[in-house]
>>> print(open('work-v9.txt').read())   # compact mmCIF, C-alpha atoms and all ligand atoms
# COMPACT_ATOMS: atom_id res chain seq x y z
CA MET T 463 -25.58 -20.20 8.70
CA LYS T 464 -24.46 -17.40 6.39
CA LYS T 465 -22.27 -14.75 7.99
CA GLU T 466 -23.56 -11.22 7.91
CA PHE T 467 -21.42 -8.14 7.43
CA VAL T 468 -21.82 -4.43 6.85
CA VAL T 469 -19.03 -2.56 5.05
CA ILE T 470 -19.03 1.24 5.43
CA GLY T 471 -16.95 3.12 2.85
CA LEU T 472 -16.73 1.78 -0.68
CA GLY T 473 -13.31 3.10 -1.77
CA ARG T 474 -10.76 0.67 -3.19
CA PHE T 475 -10.25 -1.06 0.17
CA GLY T 476 -13.87 -1.28 1.33
CA GLY T 477 -15.03 -2.15 -2.17
CA SER T 478 -12.66 -5.09 -2.44
CA ILE T 479 -13.77 -6.35 0.99
CA VAL T 480 -17.40 -6.30 -0.18
CA SER T 481 -16.60 -8.24 -3.37
CA GLU T 482 -14.48 -10.82 -1.57
CA LEU T 483 -16.98 -11.42 1.26
CA VAL T 484 -19.74 -11.96 -1.31
CA GLU T 485 -17.46 -14.32 -3.22
CA LEU T 486 -16.89 -16.24 0.04
CA GLY T 487 -20.64 -16.68 0.43
CA SER T 488 -21.49 -14.03 3.02
CA ASP T 489 -24.40 -11.60 3.17
CA VAL T 490 -22.98 -8.10 2.83
CA MET T 491 -24.62 -4.72 3.15
CA ALA T 492 -22.53 -2.06 1.36
CA VAL T 493 -22.81 1.50 2.69
CA ASP T 494 -21.39 4.81 1.44
CA ILE T 495 -22.32 8.47 1.63
CA ASN T 496 -21.80 8.70 -2.14
CA PRO T 497 -24.88 7.39 -4.02
CA THR T 498 -22.91 6.85 -7.26
CA LEU T 499 -20.63 4.38 -5.48
CA VAL T 500 -23.61 2.72 -3.82
CA ASP T 501 -25.19 2.19 -7.25
CA GLU T 502 -21.99 0.47 -8.42
CA TYR T 503 -22.35 -2.07 -5.61
CA ALA T 504 -26.11 -2.61 -5.98
CA ASP T 505 -25.57 -5.76 -8.06
CA ILE T 506 -22.56 -7.02 -6.12
CA ALA T 507 -23.60 -6.68 -2.47
CA THR T 508 -26.67 -8.31 -0.92
CA GLN T 509 -27.93 -4.80 -0.23
CA ALA T 510 -26.45 -1.35 -0.94
CA VAL T 511 -27.46 1.76 0.98
CA ALA T 512 -26.50 5.43 0.67
CA LEU T 513 -26.20 7.15 4.03
CA ASP T 514 -23.90 9.21 6.22
CA SER T 515 -22.53 6.80 8.83
CA THR T 516 -22.06 9.64 11.33
CA ASP T 517 -25.85 9.96 11.44
CA GLU T 518 -26.85 7.74 14.36
CA THR T 519 -30.56 7.77 13.48
CA ALA T 520 -29.82 6.59 9.93
CA LEU T 521 -27.61 3.76 11.27
CA ARG T 522 -30.27 2.70 13.78
CA SER T 523 -32.91 2.58 11.05
CA LEU T 524 -30.75 0.02 9.20
CA GLY T 525 -30.97 -2.29 12.22
CA ILE T 526 -27.16 -2.25 12.28
CA HIS T 527 -27.01 -3.16 15.99
CA ASN T 528 -28.16 -6.66 15.00
CA VAL T 529 -25.20 -7.19 12.67
CA GLU T 530 -22.35 -9.28 14.07
CA HIS T 531 -19.45 -7.60 12.27
CA VAL T 532 -19.07 -4.14 10.74
CA ILE T 533 -16.04 -3.06 8.69
CA ILE T 534 -15.37 0.69 8.61
CA ALA T 535 -13.28 1.49 5.54
CA ILE T 536 -13.42 5.27 5.62
CA GLY T 537 -9.96 6.65 4.94
CA GLU T 538 -9.28 10.31 4.49
CA ASN T 539 -12.13 11.61 6.60
CA ILE T 540 -10.63 10.57 9.94
CA GLN T 541 -13.27 12.40 11.93
CA SER T 542 -16.06 10.42 10.25
CA SER T 543 -14.17 7.17 10.78
CA ILE T 544 -13.78 7.84 14.53
CA LEU T 545 -17.34 9.06 15.01
CA THR T 546 -18.76 6.06 13.13
CA THR T 547 -16.69 3.70 15.30
CA LEU T 548 -17.91 5.40 18.47
CA ILE T 549 -21.59 5.27 17.44
CA LEU T 550 -21.45 1.62 16.39
CA LYS T 551 -19.65 0.66 19.59
CA GLU T 552 -22.36 2.40 21.62
CA LEU T 553 -25.06 0.67 19.59
CA GLY T 554 -23.49 -2.61 20.70
CA VAL T 555 -22.11 -4.05 17.44
CA PRO T 556 -20.07 -7.05 18.66
CA LYS T 557 -17.15 -6.75 16.24
CA LEU T 558 -15.74 -3.64 14.57
CA THR T 559 -12.87 -3.77 12.09
CA VAL T 560 -11.62 -0.29 11.23
CA LYS T 561 -9.09 0.99 8.71
CA ALA T 562 -6.61 3.51 10.15
CA GLN T 563 -4.71 6.10 8.14
CA ASN T 564 -1.83 6.75 10.55
CA ASP T 565 -0.53 6.13 14.08
CA HIS T 566 -2.65 8.87 15.68
CA HIS T 567 -5.80 7.59 14.02
CA GLU T 568 -4.96 4.05 15.17
CA LYS T 569 -4.47 5.19 18.81
CA VAL T 570 -7.82 6.98 18.89
CA LEU T 571 -9.58 4.00 17.32
CA GLU T 572 -8.12 1.77 20.05
CA LYS T 573 -9.44 4.15 22.69
CA VAL T 574 -12.97 4.30 21.31
CA GLY T 575 -13.16 0.51 21.20
CA ALA T 576 -12.34 -0.73 17.67
CA ASP T 577 -11.83 -4.51 17.97
CA GLN T 578 -9.50 -4.84 15.01
CA ILE T 579 -7.53 -2.07 13.34
CA VAL T 580 -6.03 -2.52 9.88
CA ARG T 581 -3.41 -0.47 8.06
CA PRO T 582 -3.53 -1.89 4.52
CA GLU T 583 -1.04 0.49 2.88
CA ARG T 584 1.55 0.06 5.65
CA ASP T 585 1.16 -3.73 5.77
CA MET T 586 1.38 -4.04 1.99
CA GLY T 587 4.50 -1.83 2.06
CA VAL T 588 6.15 -4.24 4.51
CA ARG T 589 5.27 -7.21 2.31
CA VAL T 590 6.49 -5.61 -0.88
CA ALA T 591 9.76 -4.48 0.77
CA ASN T 592 10.44 -8.01 2.03
CA ASN T 593 9.70 -9.45 -1.37
CA ILE T 594 12.01 -6.90 -3.04
CA VAL T 595 14.87 -7.68 -0.64
CA SER T 596 14.44 -11.39 -1.20
CA ASN T 597 12.71 -12.98 -4.17
CA ASN T 598 12.26 -16.11 -2.07
CA ILE T 599 9.97 -14.38 0.41
CA LEU T 600 6.56 -14.53 -1.21
CA ASP T 601 4.55 -13.05 1.60
CA TYR T 602 5.14 -11.52 5.00
CA LEU T 603 2.70 -10.97 7.82
CA ASP T 604 3.66 -8.97 10.90
CA LEU T 605 2.58 -10.62 14.18
CA SER T 606 4.26 -7.99 16.35
CA ASP T 607 7.07 -5.47 15.94
CA GLU T 608 9.60 -8.30 16.00
CA HIS T 609 7.82 -11.48 14.91
CA SER T 610 6.29 -12.52 11.63
CA ILE T 611 4.93 -15.31 9.51
CA ALA T 612 6.63 -15.61 6.12
CA GLU T 613 6.10 -17.71 3.02
CA LEU T 614 9.39 -18.90 1.50
CA ASN T 615 9.76 -20.35 -1.94
CA VAL T 616 12.01 -23.44 -1.96
CA ASN T 617 14.68 -23.44 -4.63
CA GLY T 618 17.23 -26.17 -5.35
CA LYS T 619 19.42 -25.69 -2.28
CA ILE T 620 17.38 -27.51 0.37
CA ALA T 621 15.19 -29.66 -1.89
CA GLY T 622 15.56 -33.32 -0.90
CA ASP T 623 16.39 -32.59 2.74
CA THR T 624 14.01 -33.56 5.53
CA LEU T 625 13.08 -31.19 8.31
CA ILE T 626 15.14 -33.34 10.67
CA ASP T 627 18.20 -33.07 8.37
CA LEU T 628 17.98 -29.30 8.59
CA ASP T 629 17.03 -29.25 12.29
CA ILE T 630 15.46 -25.88 11.65
CA ARG T 631 14.17 -25.10 15.11
CA ALA T 632 17.50 -25.79 16.81
CA ASN T 633 19.67 -24.21 14.12
CA TYR T 634 17.60 -21.22 13.14
CA GLY T 635 15.10 -20.65 15.98
CA ILE T 636 12.08 -20.72 13.68
CA ASN T 637 9.22 -23.16 13.17
CA ILE T 638 7.76 -24.48 9.95
CA VAL T 639 4.02 -24.42 10.49
CA ALA T 640 2.98 -25.69 7.08
CA ILE T 641 4.23 -26.63 3.63
CA LYS T 642 2.28 -25.67 0.52
CA ARG T 643 2.84 -28.25 -2.21
CA ALA T 644 0.98 -27.72 -5.50
CA ASP T 645 -2.68 -27.62 -4.45
CA ASP T 646 -2.05 -29.38 -1.10
CA ILE T 647 -1.15 -27.92 2.24
CA ILE T 648 0.66 -30.02 4.85
CA VAL T 649 -0.10 -28.52 8.25
CA SER T 650 2.41 -29.17 11.07
CA PRO T 651 4.68 -31.30 8.84
CA ARG T 652 6.40 -34.33 10.41
CA ALA T 653 10.14 -34.18 11.04
CA GLU T 654 10.68 -36.84 8.33
CA GLU T 655 8.89 -34.77 5.67
CA LYS T 656 11.15 -34.28 2.64
CA ILE T 657 11.22 -30.77 1.23
CA GLN T 658 10.65 -30.65 -2.53
CA ASN T 659 11.54 -28.14 -5.20
CA GLY T 660 8.64 -25.71 -5.65
CA ASP T 661 7.39 -26.16 -2.07
CA VAL T 662 6.41 -23.03 -0.20
CA LEU T 663 7.40 -23.11 3.48
CA ILE T 664 5.25 -21.17 5.90
CA VAL T 665 7.48 -20.23 8.82
CA ILE T 666 6.98 -18.38 12.06
CA GLY T 667 9.69 -16.66 14.10
CA SER T 668 11.49 -13.44 14.83
CA ASP T 669 12.22 -11.19 11.84
CA ILE T 670 15.96 -11.58 12.43
CA ASP T 671 15.77 -15.40 12.53
CA ILE T 672 13.55 -15.59 9.44
CA HIS T 673 15.96 -13.44 7.43
CA HIS T 674 18.96 -15.41 8.72
CA PHE T 675 17.27 -18.70 7.75
CA GLU T 676 16.39 -17.32 4.33
CA LYS T 677 19.95 -16.06 3.68
CA LYS T 678 21.59 -19.34 4.75
CA LEU T 679 19.35 -21.83 3.03
CA PHE T 680 17.83 -20.07 0.07
CA HIS T 681 20.79 -18.33 -1.63
P1 LIG T 701 -9.32 3.72 -0.54
O1 LIG T 701 -9.88 2.48 0.06
O2 LIG T 701 -9.77 3.92 -1.97
O3 LIG T 701 -7.84 3.88 -0.34
P2 LIG T 701 -9.48 6.03 1.09
O4 LIG T 701 -8.64 5.50 2.20
O5 LIG T 701 -8.92 7.11 0.20
O6 LIG T 701 -10.05 4.87 0.22
P3 LIG T 701 -11.82 7.53 1.26
O7 LIG T 701 -11.94 7.54 -0.23
O8 LIG T 701 -11.53 8.78 1.95
O9 LIG T 701 -10.80 6.49 1.75
O10 LIG T 701 -13.13 6.91 1.92
C1 LIG T 701 -13.65 5.68 1.48
C2 LIG T 701 -15.12 5.84 1.24
O11 LIG T 701 -15.78 6.21 2.46
C3 LIG T 701 -15.47 6.90 0.20
O12 LIG T 701 -16.16 6.28 -0.87
C4 LIG T 701 -16.35 7.88 0.96
O13 LIG T 701 -17.46 8.34 0.19
C5 LIG T 701 -16.85 7.03 2.14
N1 LIG T 701 -17.24 7.86 3.28
C6 LIG T 701 -16.55 8.90 3.82
N2 LIG T 701 -17.24 9.44 4.85
C7 LIG T 701 -18.38 8.72 4.96
C8 LIG T 701 -19.52 8.78 5.84
N3 LIG T 701 -19.60 9.70 6.81
N4 LIG T 701 -20.52 7.87 5.67
C9 LIG T 701 -20.44 6.94 4.71
N5 LIG T 701 -19.41 6.82 3.85
C10 LIG T 701 -18.39 7.70 3.97
>>> encode(input="work-v9.txt", output="structure tokens")
Amino acid sequence: MKKEFVVIGLGRFGGSIVSELVELGSDVMAVDINPTLVDEYADIATQAVALDSTDETALRSLGIHNVEHVIIAIGENIQSSILTTLILKELGVPKLTVKAQNDHHEKVLEKVGADQIVRPERDMGVRVANNIVSNNILDYLDLSDEHSIAELNVNGKIAGDTLIDLDIRANYGINIVAIKRADDIIVSPRAEEKIQNGDVLIVIGSDIDIHHFEKKLFH
């Protein structure tokens, strides 16, 4: 069955979510208060509707309470973002993903029942900073304040070693959850797996351990 989504707010963030969900084969209703933006998405989204998402009657008339997942990508107008979240929660939408602008906004969204809160600018900043500090870190995803998943680009230094040779868990306190090799992905690699030049290691661990591992074996 096709997944159904509604995206409210068609700025750069919401707009790219609409395009990507459509690309992934989902039905997407695109909503914005600005009719010019709605027109831009008329040919991309399954359906595009101009309305004010703080207007409960307008939301009800869309049948939005039957949608399984709504993404609220309203940025600057924090009041509208919070009110929209509150209304959709009360209407019984099972899953709400909401973009937050800052810590205060995030706290209020938690209180009014947002299921998932995203901070795209902050998260992207963390990724870019990690990539700037180390060219070998391709991507970085915060799991908590202290733990992350990172993608590390293998250069010559450890190519040819097996995971058992490096004894990564014992020596560095991190786990390799997968290895990306060309178009393949080896999930939960065996201890005898030989690391090759050009592999990308996907590791999980504390930020300190990941950076220690990267410094020791990738420089
Ligand atoms: P970007 O994703 O481009 O960074 P942003 O964080 O600057 O966006 P805004 O541009 O403030 O966010 O808001 C995103 C979109 O949400 C805008 O296109 C705006 O018209 C829309 N929007 C704001 N308030 C409402 C509302 N009450 N109902 C529907 N859409 C709204």
>>> residues_near_ligand(input="work-v9.txt", ligand="ligand LIG 701 (chain T)", cutoff="8 Å", atoms="all atoms listed in the file", output="PyMOL selection string")
chain T and resi 470-477+493-496+499+512-517+535-539+542-543+546+561+563
>>> atom_distance(input="work-v9.txt", atom1="atom CA of T:Glu568", atom2="atom CA of T:Ile533")
14.7 Å
>>> atom_distance(input="work-v9.txt", atom1="atom CA of T:Val574", atom2="atom CA of T:Val484")
28.7 Å
>>> atom_distance(input="work-v9.txt", atom1="atom CA of T:Gly618", atom2="atom CA of T:Glu676")
13.1 Å
>>> residues_near_point(input="work-v9.txt", point="(6.5, -17.6, -4.7)", cutoff="10 Å", atoms="all atoms listed in the file", output="MDAnalysis selection string")
chainID T and resid 593 597:601 613:616 660:663
>>> residues_around(input="work-v9.txt", residues="T:Arg522", least_positions_apart="6", cutoff="10 Å", atoms="only C-alpha atoms", output="list of chain:residue names")
T:Asn528, T:Ile549, T:Leu550, T:Leu553
>>> closest_residue(input="work-v9.txt", among="T:Ser488, T:Asn633, T:Gln509, T:Gln658", to="T:Ala621", atoms="all atoms listed in the file")
T:Gln658
>>> axis_aligned_box(input="work-v9.txt", around="stretch 538-554 of chain T", padding_each_side="5 Å", output="AutoDock Vina command-line options")
--center_x -17.2 --center_y 4.9 --center_z 13.1 --size_x 25.8 --size_y 25.0 --size_z 27.1
>>> residues_around(input="work-v9.txt", residues="T:Phe467", least_positions_apart="6", cutoff="12 Å", atoms="only C-alpha atoms", output="JSON, numbers by chain")
{"T": [476, 479, 480, 481, 482, 483, 484, 486, 487, 488, 489, 490, 491, 492, 493, 507, 508, 509, 510, 526, 527, 528, 529, 530, 531, 532, 533, 534, 555, 556, 557, 558, 559]}
>>> closest_residue(input="work-v9.txt", among="T:Lys678, T:Leu524, T:Ser478, T:Ile657", to="T:Tyr503", atoms="all atoms listed in the file")
T:Ser478
>>> build_atoms(input="work-v9.txt", residues="stretch 486-497 of chain T", atoms="all heavy atoms", output="PDB file, in the frame of the given file")
ATOM      1  N   LEU T 486     -17.050 -15.189  -0.973  1.00  0.00           N
ATOM      2  CA  LEU T 486     -16.890 -16.240   0.040  1.00  0.00           C
ATOM      3  C   LEU T 486     -18.234 -16.710   0.606  1.00  0.00           C
ATOM      4  O   LEU T 486     -18.279 -17.505   1.541  1.00  0.00           O
ATOM      5  CB  LEU T 486     -16.002 -15.724   1.189  1.00  0.00           C
ATOM      6  CG  LEU T 486     -14.532 -15.457   0.809  1.00  0.00           C
ATOM      7  CD1 LEU T 486     -13.814 -14.701   1.920  1.00  0.00           C
ATOM      8  CD2 LEU T 486     -13.804 -16.765   0.524  1.00  0.00           C
ATOM      9  N   GLY T 487     -19.313 -16.169   0.067  1.00  0.00           N
ATOM     10  CA  GLY T 487     -20.640 -16.680   0.430  1.00  0.00           C
ATOM     11  C   GLY T 487     -21.327 -15.965   1.572  1.00  0.00           C
ATOM     12  O   GLY T 487     -22.268 -16.503   2.157  1.00  0.00           O
ATOM     13  N   SER T 488     -20.864 -14.748   1.900  1.00  0.00           N
ATOM     14  CA  SER T 488     -21.490 -14.030   3.020  1.00  0.00           C
ATOM     15  C   SER T 488     -22.555 -13.051   2.517  1.00  0.00           C
ATOM     16  O   SER T 488     -22.535 -12.637   1.364  1.00  0.00           O
ATOM     17  CB  SER T 488     -20.436 -13.235   3.778  1.00  0.00           C
ATOM     18  OG  SER T 488     -19.434 -14.080   4.249  1.00  0.00           O
ATOM     19  N   ASP T 489     -23.453 -12.691   3.426  1.00  0.00           N
ATOM     20  CA  ASP T 489     -24.400 -11.600   3.170  1.00  0.00           C
ATOM     21  C   ASP T 489     -23.708 -10.297   3.510  1.00  0.00           C
ATOM     22  O   ASP T 489     -23.210 -10.139   4.633  1.00  0.00           O
ATOM     23  CB  ASP T 489     -25.623 -11.732   4.095  1.00  0.00           C
ATOM     24  CG  ASP T 489     -26.651 -12.655   3.487  1.00  0.00           C
ATOM     25  OD1 ASP T 489     -26.634 -12.821   2.257  1.00  0.00           O
ATOM     26  OD2 ASP T 489     -27.467 -13.208   4.239  1.00  0.00           O
ATOM     27  N   VAL T 490     -23.692  -9.354   2.579  1.00  0.00           N
ATOM     28  CA  VAL T 490     -22.980  -8.100   2.830  1.00  0.00           C
ATOM     29  C   VAL T 490     -23.848  -6.903   2.475  1.00  0.00           C
ATOM     30  O   VAL T 490     -24.379  -6.818   1.367  1.00  0.00           O
ATOM     31  CB  VAL T 490     -21.683  -8.009   1.996  1.00  0.00           C
ATOM     32  CG1 VAL T 490     -20.896  -6.766   2.376  1.00  0.00           C
ATOM     33  CG2 VAL T 490     -20.830  -9.241   2.181  1.00  0.00           C
ATOM     34  N   MET T 491     -23.976  -5.998   3.447  1.00  0.00           N
ATOM     35  CA  MET T 491     -24.620  -4.720   3.150  1.00  0.00           C
ATOM     36  C   MET T 491     -23.506  -3.699   2.903  1.00  0.00           C
ATOM     37  O   MET T 491     -22.615  -3.528   3.722  1.00  0.00           O
ATOM     38  CB  MET T 491     -25.488  -4.267   4.323  1.00  0.00           C
ATOM     39  CG  MET T 491     -26.263  -2.998   4.003  1.00  0.00           C
ATOM     40  SD  MET T 491     -27.014  -2.283   5.472  1.00  0.00           S
ATOM     41  CE  MET T 491     -28.363  -3.404   5.761  1.00  0.00           C
ATOM     42  N   ALA T 492     -23.558  -3.039   1.730  1.00  0.00           N
ATOM     43  CA  ALA T 492     -22.530  -2.060   1.360  1.00  0.00           C
ATOM     44  C   ALA T 492     -23.093  -0.658   1.588  1.00  0.00           C
ATOM     45  O   ALA T 492     -24.193  -0.346   1.130  1.00  0.00           O
ATOM     46  CB  ALA T 492     -22.134  -2.240  -0.097  1.00  0.00           C
ATOM     47  N   VAL T 493     -22.323   0.168   2.319  1.00  0.00           N
ATOM     48  CA  VAL T 493     -22.810   1.500   2.690  1.00  0.00           C
ATOM     49  C   VAL T 493     -21.787   2.564   2.292  1.00  0.00           C
ATOM     50  O   VAL T 493     -20.582   2.384   2.504  1.00  0.00           O
ATOM     51  CB  VAL T 493     -23.038   1.568   4.228  1.00  0.00           C
ATOM     52  CG1 VAL T 493     -23.413   2.977   4.654  1.00  0.00           C
ATOM     53  CG2 VAL T 493     -24.111   0.570   4.665  1.00  0.00           C
ATOM     54  N   ASP T 494     -22.275   3.661   1.701  1.00  0.00           N
ATOM     55  CA  ASP T 494     -21.390   4.810   1.440  1.00  0.00           C
ATOM     56  C   ASP T 494     -22.253   6.059   1.398  1.00  0.00           C
ATOM     57  O   ASP T 494     -23.444   5.998   1.127  1.00  0.00           O
ATOM     58  CB  ASP T 494     -20.640   4.630   0.119  1.00  0.00           C
ATOM     59  CG  ASP T 494     -19.384   5.493   0.040  1.00  0.00           C
ATOM     60  OD1 ASP T 494     -19.522   6.732  -0.108  1.00  0.00           O
ATOM     61  OD2 ASP T 494     -18.269   4.935   0.134  1.00  0.00           O
ATOM     62  N   ILE T 495     -21.610   7.192   1.665  1.00  0.00           N
ATOM     63  CA  ILE T 495     -22.320   8.470   1.630  1.00  0.00           C
ATOM     64  C   ILE T 495     -22.557   8.889   0.167  1.00  0.00           C
ATOM     65  O   ILE T 495     -23.441   9.684  -0.122  1.00  0.00           O
ATOM     66  CB  ILE T 495     -21.508   9.533   2.410  1.00  0.00           C
ATOM     67  CG1 ILE T 495     -22.375  10.700   2.813  1.00  0.00           C
ATOM     68  CG2 ILE T 495     -20.292   9.979   1.634  1.00  0.00           C
ATOM     69  CD1 ILE T 495     -21.699  11.628   3.826  1.00  0.00           C
ATOM     70  N   ASN T 496     -21.759   8.324  -0.721  1.00  0.00           N
ATOM     71  CA  ASN T 496     -21.800   8.700  -2.140  1.00  0.00           C
ATOM     72  C   ASN T 496     -22.727   7.754  -2.925  1.00  0.00           C
ATOM     73  O   ASN T 496     -22.395   6.586  -3.147  1.00  0.00           O
ATOM     74  CB  ASN T 496     -20.352   8.632  -2.662  1.00  0.00           C
ATOM     75  CG  ASN T 496     -20.246   8.948  -4.134  1.00  0.00           C
ATOM     76  OD1 ASN T 496     -21.260   9.006  -4.837  1.00  0.00           O
ATOM     77  ND2 ASN T 496     -19.028   9.135  -4.601  1.00  0.00           N
ATOM     78  N   PRO T 497     -23.903   8.257  -3.372  1.00  0.00           N
ATOM     79  CA  PRO T 497     -24.880   7.390  -4.020  1.00  0.00           C
ATOM     80  C   PRO T 497     -24.376   6.758  -5.322  1.00  0.00           C
ATOM     81  O   PRO T 497     -24.792   5.639  -5.656  1.00  0.00           O
ATOM     82  CB  PRO T 497     -26.052   8.337  -4.335  1.00  0.00           C
ATOM     83  CG  PRO T 497     -25.775   9.623  -3.668  1.00  0.00           C
ATOM     84  CD  PRO T 497     -24.341   9.665  -3.283  1.00  0.00           C
TER      85      PRO T 497
END
